[in-house]
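Novice: Dropping a structure here in structure tokens format, bear with me for questions.
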Amino acid sequence: MKHIIGITVSVFLASAAAPFAADAQTRIAVGTTARGGAVDGTDQHSDEFIWTLFTRFTAPASTDQPKPVLFETWASDAETFSATPKWPDAGEAARFQTSVLQLATRPAVHPGSAVADLAGALDAPCNTPGNAGVGGFPSSGDPKPCIAEQTRRNKPQFDYIVENGLNTKKGLAAAYARDFDVVMPDDAISVKGDWIPLPTLLQWIPSLGSLDEIRAAYYTTTSDSIEYALVSLHVSSRQNTNWVWGTFEHRNNPGRCDYIGCFDSFGAQDPQVMPDLAAYNTQYGDCAKTPALLDLMEEAGLDPVWRNYCMKSTQVTFTAEDGTPSVLGNSVIEGITGGGAIAASSCISCHNYASFSANGAPTKAATAMLPYNPTGNEIPGVLDGSIKFDFMWGVLLAP
């Protein structure tokens with residue numbers, strides 16, 4: 001398979017003698033778009049591997065009805081990180097929460113670089129995003145514009161966390177005391193999605209036309225009598241020691257390929273879409289699917305709406321071969337909801353600092369990485385006195 005080079009994100013440093021002269025500026029590479037790579041135990045490139053997983057967990061959970069899809073039947077954060085963890089019963093209604101990244105990077109919740117107890121965040125289903133303006137997302141209206149989030153963990157991951165007592169701070173403290181090495185099973189998968197109420201989505205993207213047209217183009221679900229549309233999705237698989245990461249956006253997300261471009265060597269007929277440098281938050285058009293992907297979707301019995309979801313890229317390493325930090329970010333999950341810079345986001349680097357200390361909670365140094373937006377290799381000393389939670393920041397929610 002031909003390798004496709006990603007976007008190199010750069011900054012310019014001016015010399016002291018001529019701080020504003022263009023000819024005195026030096027170009028410094030700060031990151032390059034993640035381009036995926038090898039996946040352990042398979043000959044698939046990570047783009048193909050993540051698309052294969054996608055077609056499995058977005059398939060109907062039952063042959064009798066189109067909804068819910070499989071990942072919606074997995075355990076939520078609230079069901080996992082609880083004193084009484086519970087695998088959901090069939091037919092349970094969707095439950096949303098505020099973005100943990102948004103809460104962890106807000107000064108009110110993150111005073112002095114110390115994340116507060118976030119367990120209560122699970123009770124607030126939909127909130128105004130942390131950085132609405134960057135994506136042209138509406139900041140006012142009736143109903144008040146908001147974005148909800150949902151993280152689901154499959155049974156192998158849920159069972160590992162619960163059976164090892166890693167679902168509460170008390171259990172984590174006990175694991176720390178016995179120097180427990182957290183290594184989740186190879187078939188562990190997490191899916192995180194950002195969802196928007198239909199009226200808000202129409203306010204954000206008026207060209208969608210009507211609520212019925214949204215229902216025809218998006219996967220939707222209802223929670224507490226509110227109908228939501230899925231706009232973005234993160235996927236992480238423990239198939240590699242450092243996990244395999246992928247992110248998806250709905251084709252209509254404004255600016256979905258801004259800053260770092262979109263790269264898909266398996267599922268997109270146009271495998272590389274460069275960022276529009278002339279105008280931000282514009283439309284990038286359809287991400288027409290390859291015959292190979294369409295065959296997978298057909299075999300899995302996917303609803304046609306899933307053809308409207310586009311892969312941004314995949315990630316398997318902290319850096320490119322030349323040592324430049326690998327970056328990957330989603331215009332909604334990181335950009336609008338989390339308030340971060342897409343061009344300075346890295347799934348693998350950020351999640352590397354997920355950890356806990358002797359009291360069962362992450363250290364201040366570890367949680368300070370969330371607003372810092374780390375990229376590249378691990379910073380020495382940050383995880384001193386910590387045990388890694390195998391790349392899963394759900395540890396923040398342990399009661």
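Following the order of the structure tokens, chains are lettered A, B, ..., residues in each are numbered from 1, and ligands are numbered from 1.
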Find the residues of segment 316-368 of chain A that sit at most 10 Å from segment 380-388 of chain A; for each, write down the nearest two atoms and how far apart they are in Å, to one decimal. Count only C-alpha atoms. Sort by chain, then by number going up, and give it as a tab-separated table.
Specialist:
```
residue	atom	partner	partner_atom	distance
A:His351	CA	A:Lys388	CA	9.6
A:Asn352	CA	A:Lys388	CA	7.6
A:Tyr353	CA	A:Lys388	CA	6.9
A:Ala354	CA	A:Lys388	CA	5.9
A:Ser355	CA	A:Lys388	CA	4.1
A:Phe356	CA	A:Ser386	CA	5.4
A:Ser357	CA	A:Ser386	CA	4.6
A:Ala358	CA	A:Ser386	CA	7.6
A:Gly360	CA	A:Ser386	CA	9.6
A:Ala361	CA	A:Ser386	CA	9.2
A:Pro362	CA	A:Ser386	CA	7.3
A:Thr363	CA	A:Ser386	CA	7.2
A:Lys364	CA	A:Val382	CA	9.1
A:Ala365	CA	A:Val382	CA	5.6
A:Ala366	CA	A:Val382	CA	6.0
A:Thr367	CA	A:Val382	CA	9.5
A:Ala368	CA	A:Val382	CA	9.2
```
Novice: Return as a PyMOL selection string the full set of residues in segment 126-343 of chain A whose backbone-based DSSP assignment is strand (DSSP E or B).
Specialist: chain A and resi 126-127+147-153+189-197+220-223+226-237+244-250+262-263+268+272-273+289+309-315+319+325-327
Novice: Kindly assemble as CSV a list of the segment 113-197 of chain A residues that lie within 9 Å of segment 75-98 of chain A, each paired with its nearest atom pair and their distance in Å to one decimal, using only C-alpha atoms, sorted first by chain and then by ascending residue number.
Specialist:
```
residue,atom,partner,partner_atom,distance
A:Ala119,CA,A:Ala78,CA,8.2
A:Ala121,CA,A:Thr98,CA,5.9
A:Leu122,CA,A:Gln97,CA,4.8
A:Asp123,CA,A:Gln97,CA,6.4
A:Ala124,CA,A:Gln97,CA,5.5
A:Pro125,CA,A:Gln97,CA,4.0
A:Cys126,CA,A:Thr98,CA,5.8
A:Asn127,CA,A:Thr98,CA,6.2
A:Pro129,CA,A:Thr98,CA,8.9
A:Ile147,CA,A:Thr98,CA,7.7
A:Ala148,CA,A:Thr98,CA,5.7
A:Glu149,CA,A:Gln97,CA,5.2
A:Gln150,CA,A:Phe96,CA,5.1
A:Thr151,CA,A:Ser76,CA,5.6
A:Arg152,CA,A:Ser76,CA,4.6
A:Arg153,CA,A:Ala75,CA,5.3
A:Asn154,CA,A:Ala75,CA,6.6
A:Lys155,CA,A:Ala75,CA,7.5
A:Phe158,CA,A:Thr80,CA,6.4
A:Asp159,CA,A:Trp87,CA,8.9
A:Ile161,CA,A:Thr80,CA,7.8
A:Val162,CA,A:Pro85,CA,7.1
A:Leu166,CA,A:Phe81,CA,8.1
A:Asn167,CA,A:Phe81,CA,4.5
A:Thr168,CA,A:Ala83,CA,6.3
A:Trp195,CA,A:Phe96,CA,8.6
```
Novice: Measuring atom to atom with only C-alpha atoms, identify which of A:Ala173, A:Leu70, A:Leu397, A:Ile333 is nearest to Arg56 of chain A.
Specialist: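 Using only C-alpha atoms, the shortest distance to Arg56 of chain A belongs to A:Leu70.
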Novice: Nearest to Asp303 of chain A among A:Thr42, A:Thr58, A:Thr52, A:Asn253, with distances taken over only C-alpha atoms: which residue is it?
Specialist: A:Thr58
Novice: Measuring between only C-alpha atoms, which one of A:Pro199, A:Pro399, A:Pro304, A:Gly340 shows the shortest distance to Asn131 of chain A?
Specialist: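 The shortest atom-to-atom distance to Asn131 of chain A comes from A:Gly340.
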Novice: Among segment 271-379 of chain A, which ones does DSSP place in alpha helix (DSSP H), written as a list in words?
Specialist: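 Residues meeting the alpha helix (DSSP H) criterion: Pro291, Ala292, Leu293, Leu294, Asp295, Leu296, Met297, Glu298, Glu299, Ala300, Cys347, Ile348, Ser349, Cys350, His351, Asn352, Lys364, Ala365, Ala366, Thr367, Met369, Leu370, Pro371 and Tyr372 of chain A.
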Novice: Would you mind exporting N, CA and C atoms of the selected residues as a short mmCIF file (atom, residue, chain, number, x, y, z; two decimals), in the first residue's frame?
Specialist:
```
data_model
loop_
_atom_site.label_atom_id
_atom_site.label_comp_id
_atom_site.auth_asym_id
_atom_site.auth_seq_id
_atom_site.Cartn_x
_atom_site.Cartn_y
_atom_site.Cartn_z
N PRO A 291 -14.88 0.69 -2.94
CA PRO A 291 -15.66 -0.55 -3.02
C PRO A 291 -15.35 -1.51 -1.87
N ALA A 292 -14.09 -1.55 -1.43
CA ALA A 292 -13.72 -2.46 -0.34
C ALA A 292 -14.47 -2.12 0.94
N LEU A 293 -14.57 -0.82 1.25
CA LEU A 293 -15.29 -0.42 2.46
C LEU A 293 -16.79 -0.62 2.29
N LEU A 294 -17.32 -0.29 1.13
CA LEU A 294 -18.75 -0.49 0.90
C LEU A 294 -19.13 -1.96 1.05
N ASP A 295 -18.24 -2.86 0.62
CA ASP A 295 -18.50 -4.29 0.80
C ASP A 295 -18.56 -4.65 2.28
N LEU A 296 -17.64 -4.11 3.08
CA LEU A 296 -17.66 -4.37 4.52
C LEU A 296 -18.95 -3.86 5.15
N MET A 297 -19.36 -2.66 4.77
CA MET A 297 -20.58 -2.08 5.32
C MET A 297 -21.81 -2.90 4.93
N GLU A 298 -21.81 -3.38 3.70
CA GLU A 298 -22.94 -4.20 3.23
C GLU A 298 -22.98 -5.53 3.99
N GLU A 299 -21.84 -6.16 4.15
CA GLU A 299 -21.77 -7.44 4.86
C GLU A 299 -22.23 -7.31 6.31
N ALA A 300 -21.92 -6.16 6.93
CA ALA A 300 -22.29 -5.94 8.33
C ALA A 300 -23.74 -5.47 8.49
N CYS A 347 -3.90 11.83 20.33
CA CYS A 347 -4.62 10.83 21.13
C CYS A 347 -3.64 10.00 21.96
N ILE A 348 -2.61 9.48 21.32
CA ILE A 348 -1.70 8.55 21.98
C ILE A 348 -0.89 9.25 23.06
N SER A 349 -0.46 10.48 22.81
CA SER A 349 0.37 11.19 23.80
C SER A 349 -0.44 11.63 25.00
N CYS A 350 -1.64 12.15 24.76
CA CYS A 350 -2.49 12.58 25.87
C CYS A 350 -2.88 11.40 26.76
N HIS A 351 -3.34 10.31 26.14
CA HIS A 351 -3.80 9.16 26.92
C HIS A 351 -2.66 8.42 27.59
N ASN A 352 -1.44 8.63 27.14
CA ASN A 352 -0.29 8.00 27.78
C ASN A 352 -0.17 8.39 29.25
N LYS A 364 -1.16 15.54 40.35
CA LYS A 364 -1.33 16.85 39.73
C LYS A 364 -0.50 16.95 38.46
N ALA A 365 0.69 16.36 38.48
CA ALA A 365 1.56 16.42 37.30
C ALA A 365 0.92 15.70 36.11
N ALA A 366 0.28 14.57 36.38
CA ALA A 366 -0.34 13.80 35.30
C ALA A 366 -1.55 14.53 34.74
N THR A 367 -2.43 15.03 35.60
CA THR A 367 -3.63 15.70 35.12
C THR A 367 -3.32 17.05 34.47
N MET A 369 -1.37 17.44 32.25
CA MET A 369 -1.14 17.17 30.83
C MET A 369 -2.40 17.40 29.99
N LEU A 370 -3.57 17.34 30.60
CA LEU A 370 -4.81 17.51 29.84
C LEU A 370 -4.93 18.90 29.23
N PRO A 371 -4.81 19.98 30.01
CA PRO A 371 -4.85 21.31 29.37
C PRO A 371 -3.57 21.64 28.62
N TYR A 372 -2.50 20.93 28.92
CA TYR A 372 -1.22 21.18 28.25
C TYR A 372 -1.23 20.69 26.81
#
```
Novice: At a cut-off of 9 Å, using only C-alpha atoms, what residues contact Ile342 of chain A? Leave out same-chain residues fewer than 2 positions from it and give the result as number ranges by chain.
Specialist: A: 258-260, 327-331, 334-335, 340, 344-346
Novice: Residues of segment 217-301 of chain A that have any atom at most 8 Å from an atom of segment 309-326 of chain A: could you tabulate them with the shortest-distance atom pair and the distance in Å to one decimal, using only C-alpha atoms, ordered by chain and increasing number, as JSON lines?
Specialist:
```
{"residue": "A:Asn240", "atom": "CA", "partner": "A:Val316", "partner_atom": "CA", "distance": 7.8}
{"residue": "A:Asn242", "atom": "CA", "partner": "A:Val316", "partner_atom": "CA", "distance": 6.9}
{"residue": "A:Trp243", "atom": "CA", "partner": "A:Val316", "partner_atom": "CA", "distance": 6.7}
{"residue": "A:Val244", "atom": "CA", "partner": "A:Val316", "partner_atom": "CA", "distance": 5.3}
{"residue": "A:Trp245", "atom": "CA", "partner": "A:Gln315", "partner_atom": "CA", "distance": 5.0}
{"residue": "A:Gly246", "atom": "CA", "partner": "A:Thr314", "partner_atom": "CA", "distance": 4.2}
{"residue": "A:Thr247", "atom": "CA", "partner": "A:Lys312", "partner_atom": "CA", "distance": 5.6}
{"residue": "A:Phe248", "atom": "CA", "partner": "A:Met311", "partner_atom": "CA", "distance": 4.4}
{"residue": "A:Glu249", "atom": "CA", "partner": "A:Cys310", "partner_atom": "CA", "distance": 5.3}
{"residue": "A:His250", "atom": "CA", "partner": "A:Tyr309", "partner_atom": "CA", "distance": 4.4}
{"residue": "A:Arg251", "atom": "CA", "partner": "A:Tyr309", "partner_atom": "CA", "distance": 5.7}
{"residue": "A:Arg256", "atom": "CA", "partner": "A:Lys312", "partner_atom": "CA", "distance": 7.9}
{"residue": "A:Cys257", "atom": "CA", "partner": "A:Lys312", "partner_atom": "CA", "distance": 7.3}
{"residue": "A:Gly261", "atom": "CA", "partner": "A:Lys312", "partner_atom": "CA", "distance": 7.5}
{"residue": "A:Cys262", "atom": "CA", "partner": "A:Lys312", "partner_atom": "CA", "distance": 4.6}
{"residue": "A:Phe263", "atom": "CA", "partner": "A:Ser313", "partner_atom": "CA", "distance": 5.0}
{"residue": "A:Asp264", "atom": "CA", "partner": "A:Ser313", "partner_atom": "CA", "distance": 5.8}
{"residue": "A:Gly267", "atom": "CA", "partner": "A:Met311", "partner_atom": "CA", "distance": 7.8}
{"residue": "A:Ala268", "atom": "CA", "partner": "A:Cys310", "partner_atom": "CA", "distance": 7.9}
{"residue": "A:Cys287", "atom": "CA", "partner": "A:Cys310", "partner_atom": "CA", "distance": 6.0}
```
Novice: Could you jot down the atom CA of Ser46 of chain A to atom CA of Thr221 of chain A separation for me, Å, one decimal place?
Specialist: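 That distance, rounded to one decimal, is 28.7 Å.
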Novice: Pick out the closest residue to Asp40 of chain A from this set: A:Gly141, A:Tyr218, A:Ser237, A:Glu213. Count only C-alpha atoms.
Specialist: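 Going through A:Gly141, A:Tyr218, A:Ser237, A:Glu213 one by one, the smallest distance to Asp40 of chain A is for A:Ser237.
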Novice: So the first atom is atom CA of Pro374 of chain A and the second is atom CA of Trp393 of chain A; what is the distance between them in Å, to one decimal place?
Specialist: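 Calculated distance between atom CA of Pro374 of chain A and atom CA of Trp393 of chain A is 14.0 Å.
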